[in-house]
Structures are given as C-alpha cells and as structure tokens.
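Q: If you scroll down you'll find the structure; I have some questions about it.
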Amino acid sequence: MGKNEPTLFEKLETESEKEASEELSASGEGWRYSRLVRVGVIVATVLLTTLFFPISRSTEDQFRIGAEWQQESIIAEATFPIYKPKDQYSREMQEAKDRALPVFLPVPEAEQTLQKLRTFSTTLSNAFQERNAAAVQRMTGFSAENVTRLALLTESRRNEITRHLAETLLRFQEQAYKQGFINLSRSFVRKGDIAVQLSVNEEQIRPLESIVDSASYKARFDELLQRNFDEWERSLASEMLPMLLQANLQYSPAITDEMRSLAAESVPKTLGLVRKGETIVAKGDVINAQTLAKLQSSSYTRFLYAGRNQGLRAFFTNLLHLALIYSLILVYLYIIRKRLFFDNAQLAGLSAMLFLVGFFSWLVGIFETQLPLQYFILIPAISMLVGIIYDSRTASITTIAFALLAAAIRGRDYEIALAMALAGTFAGYTVRDLRSRTQLFQSMGFIALGYTLPALMFAVRYSTPLGAFGLQILFACMSAVLCPILTFGALFLVERMFNITSDLRLVEYDNINHPLLTELNEKAPGTYQHTLMVARLAESAALAIEANSILVKVGALFHDIGKMRKAEYFVENQINVGNKHDKIAPLKSASVIKQHVAEGLVLAKAYKLPSRIVDFIPMHHGTMLIRYFYVKALDEAKEKEREAKDKNIEKSIEKSIEKSIEKSIEKNVVDEAQFRYLGPRPNSKETGILMLADAVEAASHTIDTNNRDELDDVIDKIFAERILDKQLDECDLSMQELVLIKESFVKNLLGAGHQRVKYKAIPKEEEEIAQP
C-alpha cells in the first residue's frame with residue numbers, strides 16, 4: 001500500500017470499498033467485505049424469517065379478552081358463522097372422543113366352551129368306557145392322579161360327580177356370558193359402560209358394574225367352589241378353570257377408534273351466526289370471549305373467501321413488516337457500528353440471531369396448549385450473546401428488534417414484546433463488563449425481574465386468575481435460569497469456532513507474564529513502564545465513563561509491543577545512550593517511529609492476539625502528525641532557504657533560487673502526510689481513551705505532575721489537538737465523557753507524583769546514647 005493511499009478501514013467506509021474488497025480477496029477473505037455477499041445476507045434473512053409469519057392473521061384476531069377496542073367500530077359486511085375458538089373446539093372434540101364407549105365384539109369360541117360343558121358328562125363317560133386316560137386328561141385338564149381316582153369309582157358314582165360338576169359350571173358360565181365376560185381388565189375401561197356390537201345394525205350398551213373380567217371371574221369361581229363342592233370336587237373344578245377362562249366379548253381397537261373419530265366429527269364448529277349489518281365490536285368496547293370469537297371468525301371468513309390472493313398479499317405485507325423491523329438493526333449498524341455493517345461475517349451473525357428469534361417465536365406457537373410457552377422464545381439468551389460478542393448498545397438495539405419480531409409473529413402480542421424487551425435489555429447489560437462466569441447468577445435474577453414486572457402489571461390489569469399468573473411466573477423463572485446457561489454454553493462454542501473474543505477471554509490476556517510483555521520488559525524496559533502506566537490511566541478513565549475497562553486495559557498492555565524491535569529509537573528507552581535521531585534526517589526518524597505500529601501488528605499476528613486487542617495497536621496513534629520531527633523538518637527547510645538568501649549572488653539568480661525553493665516546498669519537500677501515522681483513527685470509546693492516555697502519560701514526563709494548573713493545561717492542549725485534528729470523530733466520546741476522562745487522568749497523575757515526608761536524621765549524640 002502506497003504512502004498516501006487510504007487505509008483499508010477508510011476504504012471500507014468510502015467509495016473505495018471496491019478496492020479494499022479486491023485486496024481482501026487476494027488474502028482469501030474477500031467475501032467478508034463483498035457488497036454482493038452483504039446483499040445476499042440481508043435478502044436471505046428477510047425471505048427466510050418471513051416464512052415464520054402467519055398468513056391468515058389480520059387485525060381483528062390479534063387482541064385478547066379484557067383489552068379495549070381502540071379502533072373504529074366493525075360492522076359485518078355479510079352474514080358469517082361464529083367459529084368456536086381453536087382451544088374450545090379442540091377441547092370439545094377431545095371430550096367427545098373420551099365419551100365414545102369402547103366397542104366389544106362377540107367371540108365365537110365362547111359357544112364352544114358352553115357346548116363342552118353340556119356334553120361333558122357323556123363324553124367323559126365314553127372315554128372311561130374306552131379306558132382312554134389320555135383322552136380324559138386332554139378333554140378335562142385333570143391331573144393323572146385325579147383321572148386314576150375317577151377310574152376307580154363305580155360308573156354310577158363317577159357319572160353323578162361329573163354331571164354335578166358340569167351342570168354347576170355350565171350355569172355359572174352361562175351367567176358370566178350373559179353379563180359379559182371381556183378379554184380385558186375392567187380397569188382398562190375408564191367409562192361406566194361398554195358397547196357390544198352384535199351386528200352391523202345392532203348394538204347393546206352394558207353397564208361396567210355387571211361386566212366380568214378374568215379377575216372378577218376367578219373371585220366368583222372361588223366362591224362357587226366353596227358353596228357347591230367338597231374338597232376333591234373343588235380340586236377337579238380348579239383344574240378345569242383354564243378351559244373356562246374363555247371370554248365371550250373381545251375388545252376391538254379399530255372399531256373403537258372409528259367411533260371416537262365419528263364422535264369428534266359430530267362436534268359442531270360454530271357457535272351461531274353474525275347477520276349482515278350487525279355490529280361486531282364498537283369502539284371502546286371491552287373484548288369478551290364472544291366478541292373475540294366474532295372478530296376471529298370475521299377474519300377467518302375473509303381469508304377463506306379471498307383464497308390465494310389473500311395469501312400472497314399477506315406474504316408481501318409480512319415481508320415488508322419484517323424488513324422494517326430488520327432495518328432497525330441495519331440502520332443502527334450503518335450509522336453507529338460501520339465496522340459490523342461492512343463485515344459480512346459479523347452481519348451474518350446478527351442476522352442469524354434474528355432468524356433464531358423468528359424460529360423460536362413460530363415454534364412455541366404451533367403447540368395447542370394453555371401453558372405460557374412464550375417465555376421460551378429465549379430472547380434474553382440471544383441478547384446476552386450479542387452483548388458479550390459485540391457490545392451492550394448493539395445488544396439493546398437488537399433486543400428491541402427481537403421483541404418486535406416475536407410480537408409480530410405471535411399476532412401483535414404486546415405483552416410478550418414488553419416482557420422480552422425488558423428482560424433482554426436487563427440481560428444484555430448484566431454482561432456488559434463480563435469478568436467471571438459467576439455473573440451467570442446475576443443475569444438469572446435480572447431476567448426473572450424483567451419477566452415478572454410486566455406479568456404482574458398485566459395480571460392486575462386483566463384480572464388474571466391466580467393459578468394462571470403463578471404458572472406464568474413459574475415458566476418465566478424457568479426461562480430465566482435456562483437463558484444464561486444456554487448463553488454461556490453457546491459462547492464457548494462461538495469463541496472456539498469463529499475466533500471471537502469475549503470479555504471472558506480478554507481476562508486471560510490481563511497478565512503481565514504474557515510472553516510478549518515479558519519480552520517487552522527485557523528489550524524495552526522504558527516502554528514497558530510506560531505501558532503499565534498507560535494501562536492504569538486508561539482503565540481508570542474507562543471506569544469513569546462506564547466503558548469496557550478490561551478491553552482498554554488489555555489493549556493498553558499490548559499497544560506498544562512493536563517498539564521492542566528498535567527500542568533505542570524511543571526516548572523512554574534511551575538510558576545512558578545518545579539520541580540516535582540526532583544523526584538521521586527527520587523524515588527517516590518519522591519513518592522509524594511509525595514503523596513500531598507495523599512491527600506491533602506483525603508481532604500480534606505471530607502471537608495470535610485477538611482482533612479486539614490488535615485494534616489498539618494502530619488506533620492509539622490514529623492518523624496523528626508526528627509533530628516533533630515534522631517541525632524539525634520544517635526548521636531544516638527554512639534553514640536551507642535562509643542559507644540560500646545569504647549567498648552573495650545576483651538578484652536574478654537569487655529570485656530564481658527563491659522560486660525554486662518555493663516550488664520545491666509546494667512539491668512536498670516537507671510533506672505533512674509523510675509525517676502522519678497511517679491509522680485508522682479510533683473507532684470506539686476504548687480506543688479513543690487509549691489514544692488520550694498514551695499522549696497524556698508521555699507528556700507527564702515533561703512537566704511537574706504535582707502542579708495541578710500545569711497538568712490541566714497540558715491535558716487540555718492534548719485533548720484539543722486531537723479534537724481539532726478529527727482523531728476522535730469516530731469513537732463516540734461526548735464532551736461530558738471527555739471531562740470525566742480528564743478528571744480521571746489528573747487524579748491518577750497527581751496520585752502517582754505525590755510527595756512523601758522527608759525523614760530527619762537522628763542527632764549524632766542521640767545515636768551514640770542509643771547504641772549499647
């Protein structure tokens with residue numbers, strides 16, 4: 001880059017943006033500042049996020065019960081049905097499904113069981129006559145012992161026992177089948193009745209109390225045995241139980257589901273009609289449940305009749321709606337945070353966060369539930385992430401845009417907009433000076449407060465039931481706990497994946513034992529001491545105006561690392577050595593002085609310092625004039641001019657020489673631009689503070705710092721010089737903040753140069769007495 005060419009940062013802010021993009025393309029990072037990529041990011045964000053907007057909503061269905069209708073009265077233009085609210089219709093459908101009875105079908109095998117009991121005695125007698133014990137066991141289930149015992153009885157006695165057994169069990173089984181013996185447990189049937197489908201057109205309803213299941217059958221069977229049989233007969237009957245546990249009614253899940261569906265479909269969708277010319281709502285009316293249903297039905301009816309054209313119109317209006325919300329962020333970035341706007345990676349990051357808010361707002365709305373899921377849109381978590389990665393002001397602006405977007409997608413939900421804006425703003429400011437992950441708990445408390453205050457206000461305003469209010473507070477607190485945890489988890493990933501430096505990472509560089517600082521102390525001890533003093537001044541000033549103190553302190557520690565390469569050329573390191581600048585030309589001296597910025601950038605890259613720290617290396621001088629050597633160069637030029645005038649030469653020749661000298665000066669023999677740093681100028685409060693602290697600390701070695709008036713004059717002169725030179729135009733420092741910065745500098749310098757009491761020597765005679 002040539003000496004008089006604009007710096008890369010200046011190119012990005014001017015019409016030379018194309019040149020800068022070409023330079024970055026050569027380094028493989030041209031996409032980050034490409035105008036085409038920037039437009040693509042903006043267009044993609046608008047189009048994709050618009051998809052989360054509802055198509056069918058209009059003004060009428062965006063109010064809640066208890067709100068006052070502030071618009072003009074609405075008169076029905078045509079007759080339309082009043083549709084039930086979605087939650088009511090869903091609830092009634094579910095209730096209808098629940099009222100549908102479980103359906104059972106007759107089991108053909110049950111008749112076979114009865115037939116076996118009817119022919120039991122005869123069949124058993126024939127088997128014994130044939131002396132087929134295996135057939136007896138297979139038919140009855142009797143044990144071998146009981147079959148042998150029956151075989152030893154006389155035929156008449158055996159027939160008497162088996163006939164009594166079969167007749168008693170047959171009556172018992174017929175009674176069970178008459179009542180209904182089901183193949184499920186009665187606990188499965190939650191209703192009081194069951195439906196028995198005897199045929200396609202015939203159905204019976206039976207009360208659950210009379211129904212028999214396997215458990216109740218066994219209980220009754222035990223009672224039957226005790227009443228009607230002796231011990232051996234009970235043994236025989238018990239061995240027949242598996243055969244008898246044949247239900248005559250079998251549950252049909254397919255038919256039951258069909259009946260439930262028919263019951264749900266039979267629920268009417270409407271509550272009534274609104275006639276043409278009827279007033280739907282008048283201005284000033286308080287919206288009740290019926291009015292809200294009419295408003296929503298009016299909107300829905302218009303949407304159905306409008307069809308495709310309504311959908312397209314809604315999409316384009318939603319597109320414009322989102323563009324207006326998005327413009328809050330874009331305009332702020334373009335005016336206040338140009339570097340973020342022109343850096344496509346940073347812009348894409350903020351745009352992705354806007355998309356996430358849209359996604360979460362849509363996601364919590366698709367669930368048909370009375371739970372306050374809107375508190376899980378998690379805007380505070382995203383606001384904290386913006387505050388940590390970017391800054392608190394950017395977090396505030398984006399939080400407002402996020403809250404408006406959530407409200408728009410949810411149907412002009414002012415309650416959630418206020419809650420999210422308040423909680424998100426609180427969350428963003430709790431991380432503005434992030435030093436420790438323990439601040440997590442502080443963020444939780446402020447997010448909960450931001451949620452609770454609007455919830456309490458609206459609960460009082462709309463007389464929200466205590467249970468519903470308590471549920472809101474519960475979900476708000478759950479979100480307040482979840483948001484900081486998600487933020488710090490996401491921060492860990494973002495820092496590692498995208499090499500983004502948060503204040504937490506900056507704390508790691510607040511260490512005088514860092515290898516670069518250790519080397520600086522060894523090679524340039526004067527610069528090292530200057531660095532420590534500048535860091536103290538800058539940190540104190542940042543605290544005074546509530547800027548990022550850790551950022552400016554760390555930036556100050558590394559701002560002069562480039563001086564270690566040629567330490568002997570800087571006055572603070574010229575200890576017991578002559579000034580090397582006395583032997584070289586002023587322009588060469590200025591070049592050496594400027595070189596420490598470039599050397600610092602090289603070292604910063606080699607040690608992989610974060611970009612937030614690297615910014616302080618070129619910006620602490622901005623494009624300031626290296627005044628000492630510039631004035632020295634002017635003096636030398638004037639001296640040459642004076643020598644030329646003193647020569648005894650003819651007037652014509654003298655005039656010629658004068659014109660030549662004037663022309664040479666006009667041709668930038670002493671070119672001011674060659675004596676200026678390359679910049680860029682400070683673009684944040686922190687880099688502006690460092691520029692001032694660096695100059696003030698250097699000047700403090702030329703005056704008596706115990707003299708308040710002299711100190712004030714020097715600092716005022718330094719401030720005025722940089723203001724007039726427009727060095728502070730881009731760093732957003734107000735005059736009031738400059739006053740506070742000056743007071744901080746004065747206080748610290750007076751403290752550093754304080755006088756101590758000089759101790760008197762002990763008189764000689766007293767000293768001799770004191771000795772043993």
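Naming scheme: A, B, ... for chains in displayed order of the structure tokens; residues 1 onward per chain; ligands 1 onward as shown.
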Neighbours of range 377-382 of chain A within 9 Å (only C-alpha atoms; same-chain residues fewer than 3 positions away dropped), as number ranges by chain?
A: A: 353-354, 356-364, 373-374, 385-387, 395, 399, 402-403, 406, 420-428, 447, 479-480, 482-488
Q: Show which residues sit within 7 Å of Ser121 in chain A, as a PDB file with N, CA, C and O atoms, in the first residue's frame. Count only C-alpha atoms, and ignore same-chain residues fewer than 6 positions away.
A:
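Written out: selection34.pdb:
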ATOM      1  N   ASN A 159     -70.422 -90.921  37.174  1.00  0.00           N
ATOM      2  CA  ASN A 159     -71.343 -90.109  36.364  1.00  0.00           C
ATOM      3  C   ASN A 159     -72.041 -89.057  37.219  1.00  0.00           C
ATOM      4  O   ASN A 159     -72.322 -87.938  36.774  1.00  0.00           O
ATOM      5  N   THR A 162     -69.436 -86.179  37.856  1.00  0.00           N
ATOM      6  CA  THR A 162     -69.134 -85.382  36.664  1.00  0.00           C
ATOM      7  C   THR A 162     -70.360 -84.611  36.195  1.00  0.00           C
ATOM      8  O   THR A 162     -70.249 -83.489  35.690  1.00  0.00           O
ATOM      9  N   ARG A 163     -71.582 -85.219  36.364  1.00  0.00           N
ATOM     10  CA  ARG A 163     -72.792 -84.498  35.970  1.00  0.00           C
ATOM     11  C   ARG A 163     -73.000 -83.289  36.865  1.00  0.00           C
ATOM     12  O   ARG A 163     -73.338 -82.192  36.388  1.00  0.00           O
ATOM     13  N   ALA A 166     -70.450 -80.632  35.907  1.00  0.00           N
ATOM     14  CA  ALA A 166     -70.702 -79.981  34.614  1.00  0.00           C
ATOM     15  C   ALA A 166     -71.910 -79.064  34.678  1.00  0.00           C
ATOM     16  O   ALA A 166     -71.893 -77.947  34.138  1.00  0.00           O
TER      17      ALA A 166
END
Q: For CA of Phe441 in chain A and CA of Cys477 in chain A, determine how far apart the two atoms are, in Å to one decimal place.
A: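 Those two atoms sit 12.3 Å apart.
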Q: Would you pick out the contacts of Leu587 in chain A at 9 Å or less, using only C-alpha atoms, so that residues sharing its chain but fewer than 6 positions from it are not included, and give the list as a PyMOL selection string?
A: chain A and resi 629-630+633+670+674-675
Q: Identify, on the basis of only C-alpha atoms, every residue whose closest approach to range 204-221 of chain A does not exceed 9 Å; exclude the query and any residue fewer than 6 positions from it along the same chain; express the result as a list in words.
A: Leu101, Leu169, Phe172, Ala176, Tyr177, Gln179, Gly180, Phe181, Ile182, Asn183, Leu184, Ser185, Arg186, Val189, Lys191, Gly192, Asp193, Ile194, Ala195, Val196, Gln197, Leu198, Ser238, Leu241, Leu245, Gln246 and Ala247 of chain A
Q: Out of A:Lys86, A:Lys563, A:Lys97, A:Arg627, which residue has the shortest atom-to-atom distance to His596 in chain A when counting only C-alpha atoms?
A: A:Lys563
Q: For Glu686 in chain A, work out the shell of residues within 9 Å, counting only C-alpha atoms and skipping chain neighbours fewer than 3 positions away, then give it as a PDB file with all heavy atoms, in the first residue's frame.
A:
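result22.pdb written:
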ATOM      1  N   ALA A 538      -5.809   4.385  31.450  1.00  0.00           N
ATOM      2  CA  ALA A 538      -6.908   4.045  30.541  1.00  0.00           C
ATOM      3  C   ALA A 538      -8.002   3.282  31.267  1.00  0.00           C
ATOM      4  O   ALA A 538      -9.198   3.541  31.064  1.00  0.00           O
ATOM      5  CB  ALA A 538      -6.371   3.215  29.372  1.00  0.00           C
ATOM      6  N   ALA A 542     -11.853   4.499  31.687  1.00  0.00           N
ATOM      7  CA  ALA A 542     -12.962   3.680  31.200  1.00  0.00           C
ATOM      8  C   ALA A 542     -13.997   3.447  32.289  1.00  0.00           C
ATOM      9  O   ALA A 542     -15.204   3.484  32.041  1.00  0.00           O
ATOM     10  CB  ALA A 542     -12.425   2.347  30.670  1.00  0.00           C
ATOM     11  N   ALA A 547     -17.157   2.684  30.252  1.00  0.00           N
ATOM     12  CA  ALA A 547     -16.756   1.966  29.048  1.00  0.00           C
ATOM     13  C   ALA A 547     -16.218   0.599  29.456  1.00  0.00           C
ATOM     14  O   ALA A 547     -16.221   0.249  30.637  1.00  0.00           O
ATOM     15  CB  ALA A 547     -15.712   2.770  28.278  1.00  0.00           C
ATOM     16  N   ASN A 548     -15.732  -0.174  28.497  1.00  0.00           N
ATOM     17  CA  ASN A 548     -15.235  -1.527  28.771  1.00  0.00           C
ATOM     18  C   ASN A 548     -13.818  -1.431  29.324  1.00  0.00           C
ATOM     19  O   ASN A 548     -12.841  -1.327  28.576  1.00  0.00           O
ATOM     20  CB  ASN A 548     -15.262  -2.363  27.490  1.00  0.00           C
ATOM     21  CG  ASN A 548     -15.046  -3.839  27.761  1.00  0.00           C
ATOM     22  OD1 ASN A 548     -14.345  -4.217  28.691  1.00  0.00           O
ATOM     23  ND2 ASN A 548     -15.661  -4.675  26.944  1.00  0.00           N
ATOM     24  N   SER A 549     -13.689  -1.487  30.635  1.00  0.00           N
ATOM     25  CA  SER A 549     -12.403  -1.266  31.285  1.00  0.00           C
ATOM     26  C   SER A 549     -11.414  -2.395  31.027  1.00  0.00           C
ATOM     27  O   SER A 549     -10.213  -2.157  30.873  1.00  0.00           O
ATOM     28  CB  SER A 549     -12.604  -1.070  32.795  1.00  0.00           C
ATOM     29  OG  SER A 549     -13.221  -2.213  33.366  1.00  0.00           O
ATOM     30  N   LEU A 551     -11.256  -4.309  28.372  1.00  0.00           N
ATOM     31  CA  LEU A 551     -10.803  -4.219  26.984  1.00  0.00           C
ATOM     32  C   LEU A 551      -9.730  -3.153  26.828  1.00  0.00           C
ATOM     33  O   LEU A 551      -8.686  -3.398  26.211  1.00  0.00           O
ATOM     34  CB  LEU A 551     -11.993  -3.925  26.068  1.00  0.00           C
ATOM     35  CG  LEU A 551     -11.669  -3.670  24.594  1.00  0.00           C
ATOM     36  CD1 LEU A 551     -10.982  -4.892  23.982  1.00  0.00           C
ATOM     37  CD2 LEU A 551     -12.938  -3.320  23.815  1.00  0.00           C
ATOM     38  N   VAL A 552      -9.963  -1.969  27.381  1.00  0.00           N
ATOM     39  CA  VAL A 552      -8.990  -0.887  27.218  1.00  0.00           C
ATOM     40  C   VAL A 552      -7.710  -1.175  27.995  1.00  0.00           C
ATOM     41  O   VAL A 552      -6.608  -0.820  27.569  1.00  0.00           O
ATOM     42  CB  VAL A 552      -9.613   0.465  27.632  1.00  0.00           C
ATOM     43  CG1 VAL A 552      -9.754   0.588  29.130  1.00  0.00           C
ATOM     44  CG2 VAL A 552      -8.786   1.621  27.097  1.00  0.00           C
ATOM     45  N   LYS A 553      -7.830  -1.850  29.120  1.00  0.00           N
ATOM     46  CA  LYS A 553      -6.634  -2.178  29.883  1.00  0.00           C
ATOM     47  C   LYS A 553      -5.754  -3.168  29.131  1.00  0.00           C
ATOM     48  O   LYS A 553      -4.533  -2.983  29.006  1.00  0.00           O
ATOM     49  CB  LYS A 553      -7.021  -2.761  31.247  1.00  0.00           C
ATOM     50  CG  LYS A 553      -5.814  -3.132  32.109  1.00  0.00           C
ATOM     51  CD  LYS A 553      -6.228  -3.799  33.408  1.00  0.00           C
ATOM     52  CE  LYS A 553      -5.012  -4.186  34.245  1.00  0.00           C
ATOM     53  NZ  LYS A 553      -5.386  -4.905  35.476  1.00  0.00           N
ATOM     54  N   GLY A 555      -5.837  -3.782  25.915  1.00  0.00           N
ATOM     55  CA  GLY A 555      -5.347  -3.108  24.720  1.00  0.00           C
ATOM     56  C   GLY A 555      -4.143  -2.231  25.022  1.00  0.00           C
ATOM     57  O   GLY A 555      -3.190  -2.157  24.237  1.00  0.00           O
ATOM     58  N   PHE A 616      -6.051  -1.853  18.945  1.00  0.00           N
ATOM     59  CA  PHE A 616      -5.451  -0.766  19.720  1.00  0.00           C
ATOM     60  C   PHE A 616      -4.055  -0.392  19.211  1.00  0.00           C
ATOM     61  O   PHE A 616      -3.582   0.714  19.464  1.00  0.00           O
ATOM     62  CB  PHE A 616      -5.358  -1.164  21.205  1.00  0.00           C
ATOM     63  CG  PHE A 616      -6.677  -1.161  21.909  1.00  0.00           C
ATOM     64  CD1 PHE A 616      -7.503  -2.273  21.890  1.00  0.00           C
ATOM     65  CD2 PHE A 616      -7.116  -0.031  22.588  1.00  0.00           C
ATOM     66  CE1 PHE A 616      -8.721  -2.274  22.537  1.00  0.00           C
ATOM     67  CE2 PHE A 616      -8.343  -0.025  23.230  1.00  0.00           C
ATOM     68  CZ  PHE A 616      -9.144  -1.147  23.207  1.00  0.00           C
ATOM     69  N   PRO A 682      -9.244   6.066  15.979  1.00  0.00           N
ATOM     70  CA  PRO A 682     -10.018   5.289  16.969  1.00  0.00           C
ATOM     71  C   PRO A 682     -11.489   5.205  16.567  1.00  0.00           C
ATOM     72  O   PRO A 682     -12.080   6.217  16.161  1.00  0.00           O
ATOM     73  CB  PRO A 682      -9.838   6.082  18.265  1.00  0.00           C
ATOM     74  CG  PRO A 682      -8.567   6.838  18.078  1.00  0.00           C
ATOM     75  CD  PRO A 682      -8.500   7.173  16.620  1.00  0.00           C
ATOM     76  N   ASN A 683     -12.064   4.014  16.685  1.00  0.00           N
ATOM     77  CA  ASN A 683     -13.468   3.835  16.279  1.00  0.00           C
ATOM     78  C   ASN A 683     -14.349   3.364  17.427  1.00  0.00           C
ATOM     79  O   ASN A 683     -15.457   2.898  17.213  1.00  0.00           O
ATOM     80  CB  ASN A 683     -13.561   2.859  15.107  1.00  0.00           C
ATOM     81  CG  ASN A 683     -13.110   1.458  15.485  1.00  0.00           C
ATOM     82  OD1 ASN A 683     -12.665   1.224  16.612  1.00  0.00           O
ATOM     83  ND2 ASN A 683     -13.223   0.521  14.558  1.00  0.00           N
ATOM     84  N   ILE A 689      -9.981   6.367  24.322  1.00  0.00           N
ATOM     85  CA  ILE A 689      -9.396   6.560  25.657  1.00  0.00           C
ATOM     86  C   ILE A 689      -7.904   6.250  25.631  1.00  0.00           C
ATOM     87  O   ILE A 689      -7.085   6.982  26.202  1.00  0.00           O
ATOM     88  CB  ILE A 689     -10.116   5.664  26.685  1.00  0.00           C
ATOM     89  CG1 ILE A 689     -11.526   6.179  26.952  1.00  0.00           C
ATOM     90  CG2 ILE A 689      -9.329   5.599  27.993  1.00  0.00           C
ATOM     91  CD1 ILE A 689     -12.373   5.239  27.793  1.00  0.00           C
ATOM     92  N   LEU A 690      -7.530   5.157  24.956  1.00  0.00           N
ATOM     93  CA  LEU A 690      -6.111   4.792  24.912  1.00  0.00           C
ATOM     94  C   LEU A 690      -5.287   5.849  24.185  1.00  0.00           C
ATOM     95  O   LEU A 690      -4.171   6.168  24.602  1.00  0.00           O
ATOM     96  CB  LEU A 690      -5.942   3.439  24.230  1.00  0.00           C
ATOM     97  CG  LEU A 690      -4.492   2.941  24.169  1.00  0.00           C
ATOM     98  CD1 LEU A 690      -3.934   2.766  25.572  1.00  0.00           C
ATOM     99  CD2 LEU A 690      -4.376   1.646  23.393  1.00  0.00           C
ATOM    100  N   MET A 691      -5.807   6.402  23.093  1.00  0.00           N
ATOM    101  CA  MET A 691      -5.074   7.466  22.393  1.00  0.00           C
ATOM    102  C   MET A 691      -4.773   8.621  23.334  1.00  0.00           C
ATOM    103  O   MET A 691      -3.644   9.136  23.380  1.00  0.00           O
ATOM    104  CB  MET A 691      -5.894   7.969  21.197  1.00  0.00           C
ATOM    105  CG  MET A 691      -5.338   9.244  20.576  1.00  0.00           C
ATOM    106  SD  MET A 691      -6.279   9.846  19.174  1.00  0.00           S
ATOM    107  CE  MET A 691      -5.502   8.920  17.853  1.00  0.00           C
ATOM    108  N   CYS A 731     -15.115   7.794  17.453  1.00  0.00           N
ATOM    109  CA  CYS A 731     -15.092   6.950  18.654  1.00  0.00           C
ATOM    110  C   CYS A 731     -16.233   7.246  19.632  1.00  0.00           C
ATOM    111  O   CYS A 731     -16.281   6.677  20.717  1.00  0.00           O
ATOM    112  CB  CYS A 731     -13.753   7.071  19.374  1.00  0.00           C
ATOM    113  SG  CYS A 731     -13.402   8.714  19.995  1.00  0.00           S
TER     114      CYS A 731
END
Q: Can you work out the spacing between CA of Ile593 in chain A and CA of Asn573 in chain A in Å, to one decimal?
A: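 Answer for the CA of Ile593 in chain A to CA of Asn573 in chain A separation: 13.2 Å.
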Q: How many Å separate CA of Phe367 in chain A from CA of Lys269 in chain A?
A: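 About the pair CA of Phe367 in chain A and CA of Lys269 in chain A: they are 20.0 Å apart.
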Q: Which residue gives the smallest distance to Asp729 in chain A among A:Thr687, A:Asp716, A:Leu271, A:Gln346, with only C-alpha atoms counted?
A: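 Closest residue, counting only C-alpha atoms: A:Thr687.
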Q: Can you list every residue in range 80-278 of chain A that DSSP puts in strand (DSSP E), as JSON, numbers by chain?
A: {"A": [80, 81, 82, 83, 103, 104, 105, 106, 193, 194, 195, 196, 197, 203, 204, 205, 206, 207, 249, 250, 251, 270, 271, 272, 273, 274]}
Q: Using only C-alpha atoms, which residues sit within 8 Å of Ile388 in chain A once same-chain residues fewer than 4 positions away are excluded, as a list of chain:residue names?
A: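 The residues satisfying every condition are A:Met384, A:Ser392, A:Gly428, A:Val431, A:Arg432, A:Leu434, A:Ser502, A:Asp503.
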Q: Could you pull out the helix (DSSP H, G or I) residues of range 549-699 of chain A, going by DSSP on the backbone, and write them as a ChimeraX atom specification?
A: /A:549-558,561-569,571-573,580-583,586-606,611-614,616-619,627-646,651-666,672-675,685-699
Q: A:Ile42, A:Ala637, A:Val592, A:Met93: which is nearest Ser261 in chain A, counting only C-alpha atoms?
A: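 Nearest to Ser261 in chain A: A:Met93.
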